[in-house]
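upload_31.cif (mmCIF, C-alpha atoms)
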data_work
loop_
_atom_site.label_atom_id
_atom_site.label_comp_id
_atom_site.auth_asym_id
_atom_site.auth_seq_id
_atom_site.Cartn_x
_atom_site.Cartn_y
_atom_site.Cartn_z
CA MET A 1 105.57 87.89 95.71
CA MET A 2 109.34 87.53 95.76
CA GLN A 3 111.98 88.86 98.13
CA TYR A 4 114.91 90.36 96.25
CA GLY A 5 118.29 91.16 97.79
CA LEU A 6 120.53 93.65 95.99
CA LEU A 7 124.33 93.51 95.97
CA VAL A 8 125.76 96.78 94.65
CA MET A 9 129.47 96.72 93.74
CA GLY A 10 129.81 99.64 91.34
CA ALA A 11 130.75 103.19 92.37
CA PRO A 12 128.41 106.11 91.70
CA TYR A 13 129.21 108.18 88.59
CA SER A 14 131.89 105.75 87.39
CA SER A 15 129.70 102.69 86.94
CA PRO A 16 126.09 102.35 85.78
CA ALA A 17 125.56 99.74 88.53
CA PRO A 18 123.94 102.02 91.17
CA HIS A 19 121.52 103.51 88.61
CA SER A 20 120.58 100.04 87.37
CA ALA A 21 120.13 98.77 90.92
CA LEU A 22 117.83 101.67 91.85
CA ARG A 23 115.74 101.27 88.71
CA PHE A 24 115.52 97.53 89.35
CA ALA A 25 114.44 98.17 92.95
CA HIS A 26 111.66 100.55 91.91
CA ALA A 27 110.53 98.19 89.14
CA VAL A 28 110.18 95.13 91.41
CA LEU A 29 108.48 97.18 94.13
CA ALA A 30 106.01 98.53 91.57
CA ARG A 31 105.13 94.93 90.67
CA GLY A 32 104.35 94.06 94.28
CA HIS A 33 107.59 92.32 95.19
CA GLN A 34 109.78 93.25 98.14
CA ILE A 35 113.41 94.26 98.58
CA ALA A 36 114.87 92.25 101.45
CA GLY A 37 117.86 94.57 101.74
CA VAL A 38 120.70 96.28 99.90
CA PHE A 39 124.35 95.43 100.52
CA PHE A 40 127.15 97.68 99.25
CA TYR A 41 130.48 95.97 98.63
CA HIS A 42 133.65 96.58 96.59
CA ASP A 43 133.50 100.04 94.92
CA GLY A 44 129.76 100.14 95.70
CA VAL A 45 130.59 101.41 99.19
CA HIS A 46 131.07 104.90 97.69
CA ASN A 47 127.28 105.12 97.32
CA ALA A 48 127.15 105.81 101.06
CA SER A 49 129.36 108.90 101.03
CA SER A 50 127.61 111.91 102.56
CA LEU A 51 130.27 114.12 100.94
CA MET A 52 128.93 113.23 97.50
CA ALA A 53 128.09 116.52 95.77
CA PRO A 54 127.11 116.03 92.12
CA PRO A 55 125.93 119.01 90.03
CA GLN A 56 122.32 119.94 90.76
CA ASP A 57 121.02 118.68 87.44
CA GLU A 58 122.32 115.16 88.18
CA LEU A 59 120.69 112.59 90.40
CA ASN A 60 122.30 112.46 93.84
CA LEU A 61 122.64 108.70 94.18
CA ARG A 62 123.09 108.71 97.95
CA GLU A 63 119.85 110.66 98.32
CA ALA A 64 118.12 108.25 95.93
CA TRP A 65 119.11 105.35 98.20
CA ILE A 66 117.91 107.24 101.27
CA GLU A 67 114.58 107.90 99.56
CA LEU A 68 114.26 104.16 98.84
CA HIS A 69 114.97 103.47 102.51
CA GLN A 70 112.44 106.05 103.70
CA GLN A 71 109.65 104.92 101.39
CA HIS A 72 110.04 101.18 101.88
CA ALA A 73 112.06 100.74 105.11
CA ILE A 74 114.83 98.95 103.20
CA GLN A 75 118.05 98.31 105.09
CA LEU A 76 121.20 99.83 103.53
CA ASP A 77 124.24 97.84 104.69
CA VAL A 78 127.80 98.78 103.78
CA CYS A 79 130.75 96.37 104.11
CA ILE A 80 132.98 97.90 106.77
CA ALA A 81 136.26 96.42 105.49
CA ALA A 82 135.63 97.57 101.91
CA ALA A 83 134.53 101.00 103.21
CA LEU A 84 137.45 101.67 105.55
CA ARG A 85 140.12 100.88 102.97
CA ARG A 86 138.41 103.32 100.57
CA GLY A 87 138.11 106.17 103.07
CA LEU A 88 134.46 105.78 104.04
CA MET A 89 133.69 105.74 107.74
CA SER A 90 131.09 106.53 110.33
CA GLU A 91 131.62 108.94 113.22
CA SER A 92 132.58 106.16 115.63
CA GLU A 93 135.00 104.58 113.13
CA ALA A 94 136.55 108.02 112.48
CA GLN A 95 137.19 108.38 116.22
CA ARG A 96 138.64 104.89 116.41
CA HIS A 97 141.01 105.58 113.51
CA GLY A 98 141.88 109.14 114.60
CA LYS A 99 140.35 110.81 111.53
CA GLN A 100 139.07 114.36 111.42
CA ALA A 101 135.95 113.70 109.40
CA PHE A 102 133.38 111.03 108.74
CA ASN A 103 131.16 110.45 105.73
CA VAL A 104 128.89 107.51 106.52
CA ALA A 105 125.75 108.12 108.55
CA PRO A 106 122.36 106.44 109.01
CA PRO A 107 120.38 105.09 107.25
CA PHE A 108 123.61 103.58 105.86
CA GLU A 109 125.07 101.12 108.35
CA LEU A 110 128.63 99.79 108.38
CA THR A 111 128.51 96.07 108.89
CA GLY A 112 130.35 92.83 108.13
CA LEU A 113 130.21 90.46 105.18
CA GLY A 114 128.12 88.13 107.33
CA GLN A 115 125.19 90.47 106.61
CA LEU A 116 125.63 89.83 102.87
CA LEU A 117 125.46 86.06 103.38
CA GLU A 118 122.48 86.49 105.68
CA LEU A 119 120.74 88.65 103.04
CA GLN A 120 121.43 86.03 100.38
CA GLN A 121 119.88 83.33 102.56
CA ARG A 122 116.87 85.47 103.46
CA ALA A 123 116.09 86.62 99.91
CA ASP A 124 114.58 84.45 97.19
CA ARG A 125 117.03 86.04 94.74
CA LEU A 126 120.21 88.03 95.23
CA ILE A 127 120.88 90.27 92.24
CA THR A 128 124.38 91.64 91.69
CA PHE A 129 124.98 95.08 90.18
CA ALA A 130 128.65 95.56 89.33
CA MET B 1 129.40 67.17 93.89
CA ALA B 2 128.30 70.13 96.00
CA THR B 3 126.36 69.99 99.27
CA PRO B 4 122.92 71.66 99.11
CA ASP B 5 123.78 74.68 101.27
CA ALA B 6 127.16 75.32 99.65
CA LEU B 7 128.11 78.80 98.46
CA LEU B 8 129.82 79.06 95.08
CA VAL B 9 132.18 82.01 94.73
CA ILE B 10 133.14 82.77 91.14
CA ILE B 11 136.39 84.64 90.53
CA ARG B 12 136.74 86.24 87.10
CA HIS B 13 139.43 88.88 87.69
CA ALA B 14 143.21 88.53 87.78
CA PRO B 15 145.21 89.59 90.84
CA HIS B 16 146.48 93.19 91.14
CA SER B 17 144.44 94.79 88.34
CA SER B 18 141.65 95.53 90.81
CA ASN B 19 140.47 94.59 94.27
CA TRP B 20 137.95 92.05 92.91
CA LEU B 21 140.05 88.99 93.72
CA ARG B 22 140.87 90.07 97.27
CA GLU B 23 137.30 91.03 98.10
CA GLY B 24 135.92 87.90 96.44
CA LEU B 25 138.21 85.72 98.52
CA ASP B 26 137.24 87.71 101.63
CA ALA B 27 133.59 86.81 101.01
CA ALA B 28 134.54 83.14 100.60
CA LEU B 29 136.57 83.14 103.82
CA VAL B 30 133.83 84.84 105.85
CA ALA B 31 131.23 82.32 104.65
CA ALA B 32 133.58 79.45 105.51
CA ALA B 33 134.30 80.99 108.93
CA PHE B 34 130.53 80.96 109.54
CA GLY B 35 130.55 77.23 108.85
CA GLN B 36 129.05 77.31 105.37
CA PRO B 37 130.56 74.96 102.78
CA VAL B 38 132.26 77.09 100.11
CA ASN B 39 133.43 76.13 96.62
CA LEU B 40 135.39 78.30 94.22
CA LEU B 41 135.18 78.52 90.46
CA PHE B 42 137.92 80.43 88.64
CA MET B 43 136.95 81.64 85.19
CA GLY B 44 138.85 83.53 82.49
CA GLN B 45 141.54 85.81 83.89
CA GLY B 46 140.56 84.75 87.39
CA THR B 47 142.59 81.60 86.72
CA MET B 48 145.74 83.71 87.13
CA ALA B 49 145.01 83.93 90.85
CA LEU B 50 146.15 80.31 91.06
CA LEU B 51 149.58 80.69 89.40
CA LYS B 52 151.99 79.22 91.93
CA GLU B 53 154.98 81.35 90.98
CA GLN B 54 153.26 84.72 91.00
CA GLY B 55 154.91 87.64 92.77
CA SER B 56 153.38 90.25 95.00
CA GLY B 57 152.53 92.83 92.34
CA ALA B 58 153.60 96.47 92.28
CA PRO B 59 155.46 97.85 95.32
CA GLY B 60 153.05 98.07 98.23
CA GLN B 61 150.46 95.83 96.60
CA LYS B 62 149.73 92.91 98.87
CA ALA B 63 150.15 89.42 97.45
CA THR B 64 147.03 87.29 97.15
CA LEU B 65 148.74 83.90 96.83
CA PRO B 66 149.01 83.51 100.65
CA THR B 67 145.20 83.82 100.80
CA ILE B 68 144.85 81.10 98.15
CA ASP B 69 147.20 78.91 100.20
CA MET B 70 145.05 79.58 103.27
CA LEU B 71 141.79 78.31 101.72
CA GLU B 72 142.46 74.74 102.77
CA MET B 73 142.59 75.76 106.44
CA TYR B 74 139.03 77.05 106.02
CA ASP B 75 137.95 73.72 104.53
CA ILE B 76 137.61 75.29 101.09
CA ASP B 77 139.01 72.43 99.06
CA LYS B 78 137.02 72.50 95.83
CA LEU B 79 138.78 74.88 93.45
CA TRP B 80 137.48 74.50 89.92
CA VAL B 81 139.20 75.79 86.80
CA THR B 82 138.06 75.21 83.25
CA GLU B 83 140.38 73.59 80.74
CA GLU B 84 139.27 76.17 78.19
CA ALA B 85 140.38 79.04 80.45
CA LEU B 86 143.83 77.50 80.80
CA GLN B 87 144.10 76.89 77.06
CA GLY B 88 142.92 80.42 76.34
CA MET B 89 145.81 81.84 78.33
CA HIS B 90 148.33 79.23 77.16
CA LEU B 91 148.82 77.96 80.70
CA SER B 92 149.37 74.38 81.75
CA ALA B 93 147.88 72.89 84.91
CA ASP B 94 151.46 72.42 86.23
CA ALA B 95 151.73 76.19 86.60
CA LEU B 96 148.91 76.26 89.15
CA VAL B 97 148.92 75.58 92.88
CA GLU B 98 148.07 72.09 94.14
CA GLY B 99 144.55 70.81 94.60
CA ILE B 100 142.86 72.24 91.51
CA THR B 101 140.09 70.32 89.77
CA LEU B 102 139.93 70.81 86.02
CA ILE B 103 136.50 70.80 84.44
CA ALA B 104 135.19 71.48 80.95
CA ASP B 105 133.27 74.66 80.10
CA GLN B 106 130.21 72.55 79.39
CA GLU B 107 130.15 71.36 83.00
CA ILE B 108 129.63 74.91 84.30
CA PRO B 109 125.82 75.03 83.89
CA GLY B 110 125.54 71.84 85.98
CA LEU B 111 127.85 73.32 88.60
CA LEU B 112 125.74 76.48 88.83
CA GLN B 113 122.58 74.41 89.17
CA GLN B 114 124.03 72.55 92.13
CA HIS B 115 124.42 75.79 94.08
CA THR B 116 121.53 77.85 95.37
CA GLN B 117 123.92 80.56 96.54
CA ILE B 118 126.40 82.12 94.12
CA LEU B 119 128.53 85.25 94.43
CA ASN B 120 130.26 86.56 91.35
CA PHE B 121 133.47 88.61 91.49
#
As structure tokens:
Amino acid sequence: MMQYGLLVMGAPYSSPAPHSALRFAHAVLARGHQIAGVFFYHDGVHNASSLMAPPQDELNLREAWIELHQQHAIQLDVCIAAALRRGLMSESEAQRHGKQAFNVAPPFELTGLGQLLELQQRADRLITFA
Amino acid sequence: MATPDALLVIIRHAPHSSNWLREGLDAALVAAAFGQPVNLLFMGQGTMALLKEQGSGAPGQKATLPTIDMLEMYDIDKLWVTEEALQGMHLSADALVEGITLIADQEIPGLLQQHTQILNF
């Protein structure tokens, strides 16, 4: 049994990275391995946007991540610096920055890059999807 | 060459064409700030991040050279560049900032093996 960490750096619907990462996650879980956590960095932070509204016949990637979290209690961490500069923020960050809306909510958590390094140390393998 | 717990950050993208370089360097700086030894390997177009006479990019685009100059303060002193990457872009080592170590492409597998933690930007 291996612990895999996932680093997702591609944006939904512009990069195949999130799709690949999700398929990889389900494949390793099906083989009895574990996902130690998912970290969203670079353009991957867009996966956390609650304003994502793809057509109904397309997979809603944010919901797919939430389903992964609900089924396997996998932590979904989003780099706060990469998120803020791209217009992704939680309710408390929106208040802090005087913004009228927010688009990041649990189970996605805004956190620092330290969490990525911690995930890499905790996991047997860190796999990058970019 | 590398200590056992060192993190290797690989930079493969040139400045200004994307945010890869900036966010890759951010990851390196955060690891160093947490006390982890960090080494950098610049490959392909990533080598351009080290050009000492580079400007700040399009209006409003922040320069990345000051961050490169700052690495030493974070005890990040191993900056590797491959000779082949330089040749491929017709650059000479004189065009780069100080403190670069040139290696051959064939040394890269050994370098990767020395690091248990690698982040690729």
Proximity to chain B - best of A:Tyr13, A:Phe102, A:Tyr41, A:Phe24, all atoms listed in the file: A:Tyr41
- prompt: Just so the selection is clear, what residues does the PyMOL selection byres ((chain A) within 10 of (chain B)) cover here, as a list of chain:residue names?
  reply: A:Leu7, A:Met9, A:Tyr41, A:His42, A:Asp43, A:Ala81, A:Ala82, A:Gly112, A:Leu113, A:Gly114, A:Leu116, A:Leu117, A:Glu118, A:Gln120, A:Gln121, A:Asp124, A:Arg125, A:Leu126, A:Ile127, A:Thr128, A:Ala130
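Atom CA of A:Gly5 is positioned 5.1 Å from atom CA of A:Ala36.
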Test item: axis-aligned box, all listed atoms of stretch 107-113 of chain A, 5 Å on each side, centre and edges in Å rounded to one decimal, as lines of an AutoDock Vina configuration file:
center_x = 125.4
center_y = 97.8
center_z = 107.0
size_x = 20.0
size_y = 24.6
size_z = 13.7
With all atoms listed in the file as the counted atoms, please give the residues lying no more than 8 Å from stretch 64-80 of chain B, apart from itself and same-chain residues fewer than 6 positions off, as a PDB file with C-alpha atoms, keeping the file's coordinate frame.
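Now in result.pdb:
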ATOM      1  CA  PRO B  15     145.210  89.590  90.840  1.00  0.00           C
ATOM      2  CA  LEU B  21     140.050  88.990  93.720  1.00  0.00           C
ATOM      3  CA  ARG B  22     140.870  90.070  97.270  1.00  0.00           C
ATOM      4  CA  LEU B  25     138.210  85.720  98.520  1.00  0.00           C
ATOM      5  CA  LEU B  29     136.570  83.140 103.820  1.00  0.00           C
ATOM      6  CA  ALA B  32     133.580  79.450 105.510  1.00  0.00           C
ATOM      7  CA  ALA B  33     134.300  80.990 108.930  1.00  0.00           C
ATOM      8  CA  PRO B  37     130.560  74.960 102.780  1.00  0.00           C
ATOM      9  CA  VAL B  38     132.260  77.090 100.110  1.00  0.00           C
ATOM     10  CA  ASN B  39     133.430  76.130  96.620  1.00  0.00           C
ATOM     11  CA  LEU B  40     135.390  78.300  94.220  1.00  0.00           C
ATOM     12  CA  LEU B  41     135.180  78.520  90.460  1.00  0.00           C
ATOM     13  CA  PHE B  42     137.920  80.430  88.640  1.00  0.00           C
ATOM     14  CA  ALA B  49     145.010  83.930  90.850  1.00  0.00           C
ATOM     15  CA  LEU B  50     146.150  80.310  91.060  1.00  0.00           C
ATOM     16  CA  LYS B  52     151.990  79.220  91.930  1.00  0.00           C
ATOM     17  CA  GLN B  54     153.260  84.720  91.000  1.00  0.00           C
ATOM     18  CA  SER B  56     153.380  90.250  95.000  1.00  0.00           C
ATOM     19  CA  GLY B  99     144.550  70.810  94.600  1.00  0.00           C
ATOM     20  CA  ILE B 100     142.860  72.240  91.510  1.00  0.00           C
ATOM     21  CA  THR B 101     140.090  70.320  89.770  1.00  0.00           C
ATOM     22  CA  LEU B 102     139.930  70.810  86.020  1.00  0.00           C
ATOM     23  CA  ILE B 103     136.500  70.800  84.440  1.00  0.00           C
TER      24      ILE B 103
END
query: So how many Å separate atom CA of A:Leu76 and atom CA of A:Leu22, to one decimal?
result: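 Separating atom CA of A:Leu76 from atom CA of A:Leu22 is a distance of 12.3 Å.
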task: Would you kindly translate the PyMOL selection byres ((chain B and resi 105) around 10) into the concrete residues it picks from this file, as a PyMOL selection string?
output: chain B and resi 43+81-85+102-104+106-109
task: On this file, the PyMOL selection byres ((chain A and resi 62-66) around 9) gives some set of residues; write that set as a ChimeraX atom specification.
output: /A:12,22,46-50,52,59-61,67-71,76,106-108
Length of the atom CA of A:Ala73 to atom CA of A:Phe129 vector [Å]: 20.5 Å
query: In terms of the shortest atom-to-atom distance over all atoms listed in the file, which of A:Cys79, A:Ala17, A:Ala123, A:Ala11 is closest to A:His33?
result: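 Nearest to A:His33: A:Ala123.
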- prompt: A:Gln100: which residues within 12 Å, counting only C-alpha atoms, same-chain residues fewer than 5 positions away excluded, as number ranges by chain?
  reply: A: 87, 89-95
Dump as an mmCIF file, keeping the file's coordinate frame, selection limited to C-alpha atoms:
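Generated output (part-v1.cif):
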data_model
loop_
_atom_site.group_PDB
_atom_site.id
_atom_site.type_symbol
_atom_site.label_atom_id
_atom_site.label_comp_id
_atom_site.auth_asym_id
_atom_site.auth_seq_id
_atom_site.Cartn_x
_atom_site.Cartn_y
_atom_site.Cartn_z
ATOM 1 C CA GLY A 87 138.110 106.170 103.070
ATOM 2 C CA MET A 89 133.690 105.740 107.740
ATOM 3 C CA SER A 90 131.090 106.530 110.330
ATOM 4 C CA GLU A 91 131.620 108.940 113.220
ATOM 5 C CA SER A 92 132.580 106.160 115.630
ATOM 6 C CA GLU A 93 135.000 104.580 113.130
ATOM 7 C CA ALA A 94 136.550 108.020 112.480
ATOM 8 C CA GLN A 95 137.190 108.380 116.220
#
